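Source file: model_9.pdb; contents: PDB, C-alpha atoms.
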MODEL        1
ATOM      1  CA  MET C 175     -13.464   4.076  18.544  1.00  0.00           C
ATOM      2  CA  GLY C 176     -16.038   2.382  16.330  1.00  0.00           C
ATOM      3  CA  LYS C 177     -15.703  -0.649  14.104  1.00  0.00           C
ATOM      4  CA  ILE C 178     -12.872  -0.185  11.627  1.00  0.00           C
ATOM      5  CA  ARG C 179     -13.816  -0.928   8.039  1.00  0.00           C
ATOM      6  CA  ILE C 180     -11.409  -1.522   5.161  1.00  0.00           C
ATOM      7  CA  ASP C 181     -12.605  -0.895   1.635  1.00  0.00           C
ATOM      8  CA  THR C 182     -11.314   0.287  -1.713  1.00  0.00           C
ATOM      9  CA  LEU C 183     -10.804   4.028  -1.979  1.00  0.00           C
ATOM     10  CA  ASP C 184     -13.607   5.794  -3.837  1.00  0.00           C
ATOM     11  CA  THR C 185     -11.495   8.150  -5.953  1.00  0.00           C
ATOM     12  CA  SER C 186     -14.619   9.905  -7.243  1.00  0.00           C
ATOM     13  CA  SER C 187     -15.082  11.422  -3.776  1.00  0.00           C
ATOM     14  CA  PRO C 188     -13.035  14.641  -3.507  1.00  0.00           C
ATOM     15  CA  ALA C 189     -13.207  14.518   0.313  1.00  0.00           C
ATOM     16  CA  LEU C 190     -11.917  10.925   0.553  1.00  0.00           C
ATOM     17  CA  LEU C 191      -9.233  11.586  -2.042  1.00  0.00           C
ATOM     18  CA  GLU C 192      -8.056  14.735  -0.237  1.00  0.00           C
ATOM     19  CA  ALA C 193      -8.025  13.010   3.170  1.00  0.00           C
ATOM     20  CA  SER C 194      -5.966  10.125   1.721  1.00  0.00           C
ATOM     21  CA  VAL C 195      -3.489  12.476   0.038  1.00  0.00           C
ATOM     22  CA  THR C 196      -3.064  14.447   3.269  1.00  0.00           C
ATOM     23  CA  LEU C 197      -2.494  11.280   5.335  1.00  0.00           C
ATOM     24  CA  ILE C 198       0.181   9.947   2.960  1.00  0.00           C
ATOM     25  CA  PHE C 199       1.818  13.351   2.443  1.00  0.00           C
ATOM     26  CA  ASN C 200       2.123  13.893   6.205  1.00  0.00           C
ATOM     27  CA  ALA C 201       3.265  10.323   6.939  1.00  0.00           C
ATOM     28  CA  PHE C 202       6.088  10.362   4.403  1.00  0.00           C
ATOM     29  CA  ALA C 203       7.116  13.961   5.179  1.00  0.00           C
ATOM     30  CA  ASP C 204       9.204  14.169   2.010  1.00  0.00           C
ATOM     31  CA  PRO C 205       7.583  16.849  -0.182  1.00  0.00           C
ATOM     32  CA  GLU C 206      10.209  16.579  -2.891  1.00  0.00           C
ATOM     33  CA  ARG C 207       9.677  12.854  -3.436  1.00  0.00           C
ATOM     34  CA  TYR C 208       6.068  12.569  -2.270  1.00  0.00           C
ATOM     35  CA  SER C 209       4.442  15.855  -3.243  1.00  0.00           C
ATOM     36  CA  ALA C 210       0.698  16.162  -2.761  1.00  0.00           C
ATOM     37  CA  GLU C 211       0.319  16.359  -6.545  1.00  0.00           C
ATOM     38  CA  ARG C 212       2.250  13.121  -7.120  1.00  0.00           C
ATOM     39  CA  VAL C 213       0.346  11.296  -4.392  1.00  0.00           C
ATOM     40  CA  ALA C 214      -3.003  12.504  -5.792  1.00  0.00           C
ATOM     41  CA  LYS C 215      -2.032  11.287  -9.268  1.00  0.00           C
ATOM     42  CA  GLU C 216      -1.087   7.870  -7.871  1.00  0.00           C
ATOM     43  CA  LEU C 217      -4.350   7.621  -5.927  1.00  0.00           C
ATOM     44  CA  ARG C 218      -6.442   8.490  -8.985  1.00  0.00           C
ATOM     45  CA  GLY C 219      -4.770   5.627 -10.907  1.00  0.00           C
ATOM     46  CA  ASP C 220      -4.937   7.376 -14.261  1.00  0.00           C
ATOM     47  CA  ASP C 221      -2.979   4.639 -16.071  1.00  0.00           C
ATOM     48  CA  SER C 222      -5.296   2.643 -18.340  1.00  0.00           C
ATOM     49  CA  VAL C 223      -2.787  -0.199 -18.899  1.00  0.00           C
ATOM     50  CA  PHE C 224      -1.435  -0.963 -15.419  1.00  0.00           C
ATOM     51  CA  TYR C 225      -3.903  -1.105 -12.549  1.00  0.00           C
ATOM     52  CA  ARG C 226      -3.558   0.750  -9.250  1.00  0.00           C
ATOM     53  CA  ARG C 227      -5.895   0.074  -6.360  1.00  0.00           C
ATOM     54  CA  PHE C 228      -5.957   1.836  -3.017  1.00  0.00           C
ATOM     55  CA  PHE C 229      -7.564   0.631   0.170  1.00  0.00           C
ATOM     56  CA  VAL C 230      -8.578   2.737   3.140  1.00  0.00           C
ATOM     57  CA  ALA C 231      -9.281   1.869   6.753  1.00  0.00           C
ATOM     58  CA  MET C 232     -12.085   3.989   8.130  1.00  0.00           C
ATOM     59  CA  ASP C 233     -13.436   4.604  11.592  1.00  0.00           C
ATOM     60  CA  ALA C 234     -16.628   6.633  12.046  1.00  0.00           C
ATOM     61  CA  GLY C 235     -16.328   8.009   8.504  1.00  0.00           C
ATOM     62  CA  GLU C 236     -12.713   9.134   8.963  1.00  0.00           C
ATOM     63  CA  ILE C 237      -9.791   7.713   7.002  1.00  0.00           C
ATOM     64  CA  ILE C 238      -7.228   6.390   9.478  1.00  0.00           C
ATOM     65  CA  ALA C 239      -5.028   4.405   7.078  1.00  0.00           C
ATOM     66  CA  VAL C 240      -4.401   4.051   3.364  1.00  0.00           C
ATOM     67  CA  GLY C 241      -2.329   1.665   1.271  1.00  0.00           C
ATOM     68  CA  GLY C 242      -1.915   0.870  -2.385  1.00  0.00           C
ATOM     69  CA  VAL C 243      -1.156  -2.038  -4.657  1.00  0.00           C
ATOM     70  CA  LYS C 244      -0.205  -1.741  -8.302  1.00  0.00           C
ATOM     71  CA  ALA C 245       0.977  -3.776 -11.241  1.00  0.00           C
ATOM     72  CA  ALA C 246       4.687  -3.587 -11.879  1.00  0.00           C
ATOM     73  CA  ASP C 247       5.120  -2.139 -15.338  1.00  0.00           C
ATOM     74  CA  TRP C 248       8.489  -3.873 -15.731  1.00  0.00           C
ATOM     75  CA  ALA C 249       7.645  -7.496 -14.853  1.00  0.00           C
ATOM     76  CA  SER C 250       4.642  -9.661 -15.651  1.00  0.00           C
ATOM     77  CA  SER C 251       2.583 -11.162 -12.824  1.00  0.00           C
ATOM     78  CA  THR C 252       4.303  -8.830 -10.354  1.00  0.00           C
ATOM     79  CA  HIS C 253       2.439  -6.614  -7.911  1.00  0.00           C
ATOM     80  CA  ILE C 254       3.785  -3.946  -5.589  1.00  0.00           C
ATOM     81  CA  LEU C 255       2.479  -2.882  -2.179  1.00  0.00           C
ATOM     82  CA  TYR C 256       3.197   0.817  -1.750  1.00  0.00           C
ATOM     83  CA  LEU C 257       2.252   4.191  -0.272  1.00  0.00           C
ATOM     84  CA  SER C 258       1.024   2.732   3.011  1.00  0.00           C
ATOM     85  CA  ALA C 259       0.344   5.015   5.955  1.00  0.00           C
ATOM     86  CA  VAL C 260      -1.544   4.933   9.252  1.00  0.00           C
ATOM     87  CA  THR C 261      -2.405   8.071  11.211  1.00  0.00           C
ATOM     88  CA  PRO C 262       0.132   8.542  14.029  1.00  0.00           C
ATOM     89  CA  GLU C 263      -2.405   8.153  16.839  1.00  0.00           C
ATOM     90  CA  ARG C 264      -3.593   4.786  15.436  1.00  0.00           C
ATOM     91  CA  ARG C 265      -0.207   3.147  14.875  1.00  0.00           C
ATOM     92  CA  GLY C 266       0.634  -0.042  16.758  1.00  0.00           C
ATOM     93  CA  LYS C 267      -2.981  -1.249  16.861  1.00  0.00           C
ATOM     94  CA  GLY C 268      -2.899  -3.736  13.976  1.00  0.00           C
ATOM     95  CA  ILE C 269      -4.513  -1.436  11.413  1.00  0.00           C
ATOM     96  CA  GLY C 270      -1.495  -1.465   9.095  1.00  0.00           C
ATOM     97  CA  ARG C 271      -1.362  -5.257   9.226  1.00  0.00           C
ATOM     98  CA  ALA C 272      -5.102  -5.471   8.442  1.00  0.00           C
ATOM     99  CA  LEU C 273      -4.582  -3.140   5.492  1.00  0.00           C
ATOM    100  CA  ILE C 274      -1.755  -5.339   4.175  1.00  0.00           C
ATOM    101  CA  LYS C 275      -3.945  -8.424   4.578  1.00  0.00           C
ATOM    102  CA  ALA C 276      -6.829  -6.757   2.694  1.00  0.00           C
ATOM    103  CA  ARG C 277      -4.537  -6.014  -0.248  1.00  0.00           C
ATOM    104  CA  LEU C 278      -3.118  -9.559  -0.249  1.00  0.00           C
ATOM    105  CA  ASP C 279      -6.636 -11.003  -0.181  1.00  0.00           C
ATOM    106  CA  TRP C 280      -7.662  -8.757  -3.092  1.00  0.00           C
ATOM    107  CA  LEU C 281      -4.642  -9.849  -5.136  1.00  0.00           C
ATOM    108  CA  GLU C 282      -5.303 -13.541  -4.510  1.00  0.00           C
ATOM    109  CA  GLU C 283      -8.981 -13.109  -5.422  1.00  0.00           C
ATOM    110  CA  ASN C 284      -8.220 -11.257  -8.662  1.00  0.00           C
ATOM    111  CA  PHE C 285      -5.082 -12.982  -9.969  1.00  0.00           C
ATOM    112  CA  LYS C 286      -4.454 -16.718 -10.136  1.00  0.00           C
ATOM    113  CA  SER C 287      -0.722 -16.432  -9.430  1.00  0.00           C
ATOM    114  CA  GLY C 288       2.114 -13.978  -9.167  1.00  0.00           C
ATOM    115  CA  ARG C 289       4.574 -12.359  -6.845  1.00  0.00           C
ATOM    116  CA  ILE C 290       4.167  -9.413  -4.519  1.00  0.00           C
ATOM    117  CA  LEU C 291       7.011  -7.026  -3.694  1.00  0.00           C
ATOM    118  CA  VAL C 292       7.303  -4.541  -0.859  1.00  0.00           C
ATOM    119  CA  SER C 293      10.093  -2.337   0.463  1.00  0.00           C
ATOM    120  CA  ALA C 294      10.007  -1.999   4.249  1.00  0.00           C
ATOM    121  CA  ALA C 295      12.155  -0.863   7.154  1.00  0.00           C
ATOM    122  CA  LYS C 296      10.237  -3.099   9.569  1.00  0.00           C
ATOM    123  CA  THR C 297      10.013  -6.585   8.107  1.00  0.00           C
ATOM    124  CA  ARG C 298       8.391  -8.689  10.851  1.00  0.00           C
ATOM    125  CA  ARG C 299       4.772  -8.077   9.850  1.00  0.00           C
ATOM    126  CA  PHE C 300       5.571  -9.008   6.259  1.00  0.00           C
ATOM    127  CA  ARG C 301       7.463 -12.146   7.265  1.00  0.00           C
ATOM    128  CA  ASP C 302       4.488 -13.141   9.416  1.00  0.00           C
ATOM    129  CA  LEU C 303       2.369 -12.881   6.250  1.00  0.00           C
ATOM    130  CA  GLY C 304       4.614 -15.142   4.164  1.00  0.00           C
ATOM    131  CA  PHE C 305       7.096 -12.684   2.674  1.00  0.00           C
ATOM    132  CA  THR C 306      10.802 -13.480   2.471  1.00  0.00           C
ATOM    133  CA  GLU C 307      13.610 -10.978   2.200  1.00  0.00           C
ATOM    134  CA  VAL C 308      15.461 -10.725  -1.085  1.00  0.00           C
ATOM    135  CA  ARG C 309      19.089 -11.465  -0.208  1.00  0.00           C
ATOM    136  CA  ASN C 310      21.420  -8.452  -0.092  1.00  0.00           C
ATOM    137  CA  SER C 311      18.534  -6.068  -0.776  1.00  0.00           C
ATOM    138  CA  ALA C 312      18.926  -3.658   2.165  1.00  0.00           C
ATOM    139  CA  ILE C 313      19.413  -0.064   1.076  1.00  0.00           C
ATOM    140  CA  ASP C 314      19.219   2.849   3.524  1.00  0.00           C
ATOM    141  CA  GLY C 315      17.639   0.631   6.168  1.00  0.00           C
ATOM    142  CA  ARG C 316      14.876  -0.661   3.890  1.00  0.00           C
ATOM    143  CA  HIS C 317      14.570  -4.277   2.786  1.00  0.00           C
ATOM    144  CA  LEU C 318      12.966  -5.715  -0.329  1.00  0.00           C
ATOM    145  CA  LEU C 319      10.607  -8.588   0.429  1.00  0.00           C
ATOM    146  CA  VAL C 320       8.747 -10.927  -1.893  1.00  0.00           C
ATOM    147  CA  ARG C 321       5.781 -13.275  -1.551  1.00  0.00           C
ATOM    148  CA  LYS C 322       4.670 -15.714  -4.226  1.00  0.00           C
ATOM    149  CA  PHE C 323       1.100 -16.907  -4.580  1.00  0.00           C
TER     150      PHE C 323
ENDMDL
END
Could you quickly redo this structure as structure tokens?
Amino acid sequence: MGKIRIDTLDTSSPALLEASVTLIFNAFADPERYSAERVAKELRGDDSVFYRRFFVAMDAGEIIAVGGVKAADWASSTHILYLSAVTPERRGKGIGRALIKARLDWLEENFKSGRILVSAAKTRRFRDLGFTEVRNSAIDGRHLLVRKF
């Protein structure tokens, strides 16, 4: 394993875009809700009004994790962490946490204030990064967490 690098996803690269779509599609394993077409559209960020930014963790030129952040179109100064996935063989090694941290850093560098929302089944890593759970938010084992900055 080489040095892992986290950077924004270059959506102009068909190979990087396809590898990211495949990783997310396989990780979520829900083709009705997360079809390859829907994921590809999200990754391309075709919306000119509300930003979407995806970050990838790479090792030796291979995408091993991907995660997005986008503007909430229903609330000002609100950002959402979403579509995060790490390849199965790399899970539990801190890559997902590093990817979350990279997105938080980007938000804090590009916006002077706001709130960040995430829905997660496992909340510890988010709590460690300053998120708090929204009371009575658990649905189907997932919790809504928020962090203000």
To one decimal place in Å, what is the distance between CA of Gly288 in chain C and CA of Phe305 in chain C?
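The value is 12.9 Å.
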Edge lengths and centre in Å, axis-aligned, range 233-236 of chain C plus 5 Å each side, as AutoDock Vina command-line options:
--center_x -14.7 --center_y 6.9 --center_z 10.3 --size_x 13.9 --size_y 14.5 --size_z 13.5
Report as a PyMOL selection string the full result of the PyMOL selection byres ((chain C and resi 308) around 8) when it is applied to this structure.
chain C and resi 306-307+309-311+317-320
Closest atom pairs, residues of range 192-256 of chain C within 8 Å of range 265-284 of chain C, only C-alpha atoms, as a tab-separated table:
residue	atom	partner	partner_atom	distance
C:Phe229	CA	C:Leu273	CA	7.2
C:Val230	CA	C:Leu273	CA	7.5
C:Ala231	CA	C:Leu273	CA	7.0
C:Ala239	CA	C:Gly270	CA	7.1
C:Val240	CA	C:Leu273	CA	7.5
C:Gly241	CA	C:Leu273	CA	6.8
C:Gly242	CA	C:Arg277	CA	7.7
C:Val243	CA	C:Arg277	CA	6.8
C:Leu255	CA	C:Arg277	CA	7.9
What residues come out when you apply the PyMOL selection byres ((chain C and resi 178-185) around 8) to this file, written as a list in words?
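After applying the PyMOL selection byres ((chain C and resi 178-185) around 8), what remains is Gly176, Lys177, Ser186, Ser187, Pro188, Leu190, Leu191, Leu217, Arg218, Arg227, Phe228, Phe229, Val230, Ala231, Met232, Asp233, Ala234, Leu273 and Ala276 of chain C.
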Produce a file of the selected residues containing C-alpha atoms, as a PDB file, keeping the file's coordinate frame.
ATOM      1  CA  GLY C 176     -16.038   2.382  16.330  1.00  0.00           C
ATOM      2  CA  LYS C 177     -15.703  -0.649  14.104  1.00  0.00           C
ATOM      3  CA  SER C 186     -14.619   9.905  -7.243  1.00  0.00           C
ATOM      4  CA  SER C 187     -15.082  11.422  -3.776  1.00  0.00           C
ATOM      5  CA  PRO C 188     -13.035  14.641  -3.507  1.00  0.00           C
ATOM      6  CA  LEU C 190     -11.917  10.925   0.553  1.00  0.00           C
ATOM      7  CA  LEU C 191      -9.233  11.586  -2.042  1.00  0.00           C
ATOM      8  CA  LEU C 217      -4.350   7.621  -5.927  1.00  0.00           C
ATOM      9  CA  ARG C 218      -6.442   8.490  -8.985  1.00  0.00           C
ATOM     10  CA  ARG C 227      -5.895   0.074  -6.360  1.00  0.00           C
ATOM     11  CA  PHE C 228      -5.957   1.836  -3.017  1.00  0.00           C
ATOM     12  CA  PHE C 229      -7.564   0.631   0.170  1.00  0.00           C
ATOM     13  CA  VAL C 230      -8.578   2.737   3.140  1.00  0.00           C
ATOM     14  CA  ALA C 231      -9.281   1.869   6.753  1.00  0.00           C
ATOM     15  CA  MET C 232     -12.085   3.989   8.130  1.00  0.00           C
ATOM     16  CA  ASP C 233     -13.436   4.604  11.592  1.00  0.00           C
ATOM     17  CA  ALA C 234     -16.628   6.633  12.046  1.00  0.00           C
ATOM     18  CA  LEU C 273      -4.582  -3.140   5.492  1.00  0.00           C
ATOM     19  CA  ALA C 276      -6.829  -6.757   2.694  1.00  0.00           C
TER      20      ALA C 276
END
Nearby residues (only C-alpha atoms) at most 12 Å from Ala249 in chain C, same-chain spacing under 6 positions excluded, as a list in words:
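After dropping sequence-adjacent residues, the list is Phe224, Gly288, Arg289, Ile290 and Leu291 of chain C.
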What is the distance between CA of Phe300 in chain C and CA of Arg321 in chain C, in Å to one decimal?
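So the two atoms, CA of Phe300 in chain C and CA of Arg321 in chain C, lie 8.9 Å apart.
Counting from CA of Gly219 in chain C, the distance to CA of Glu192 in chain C is 14.4 Å.
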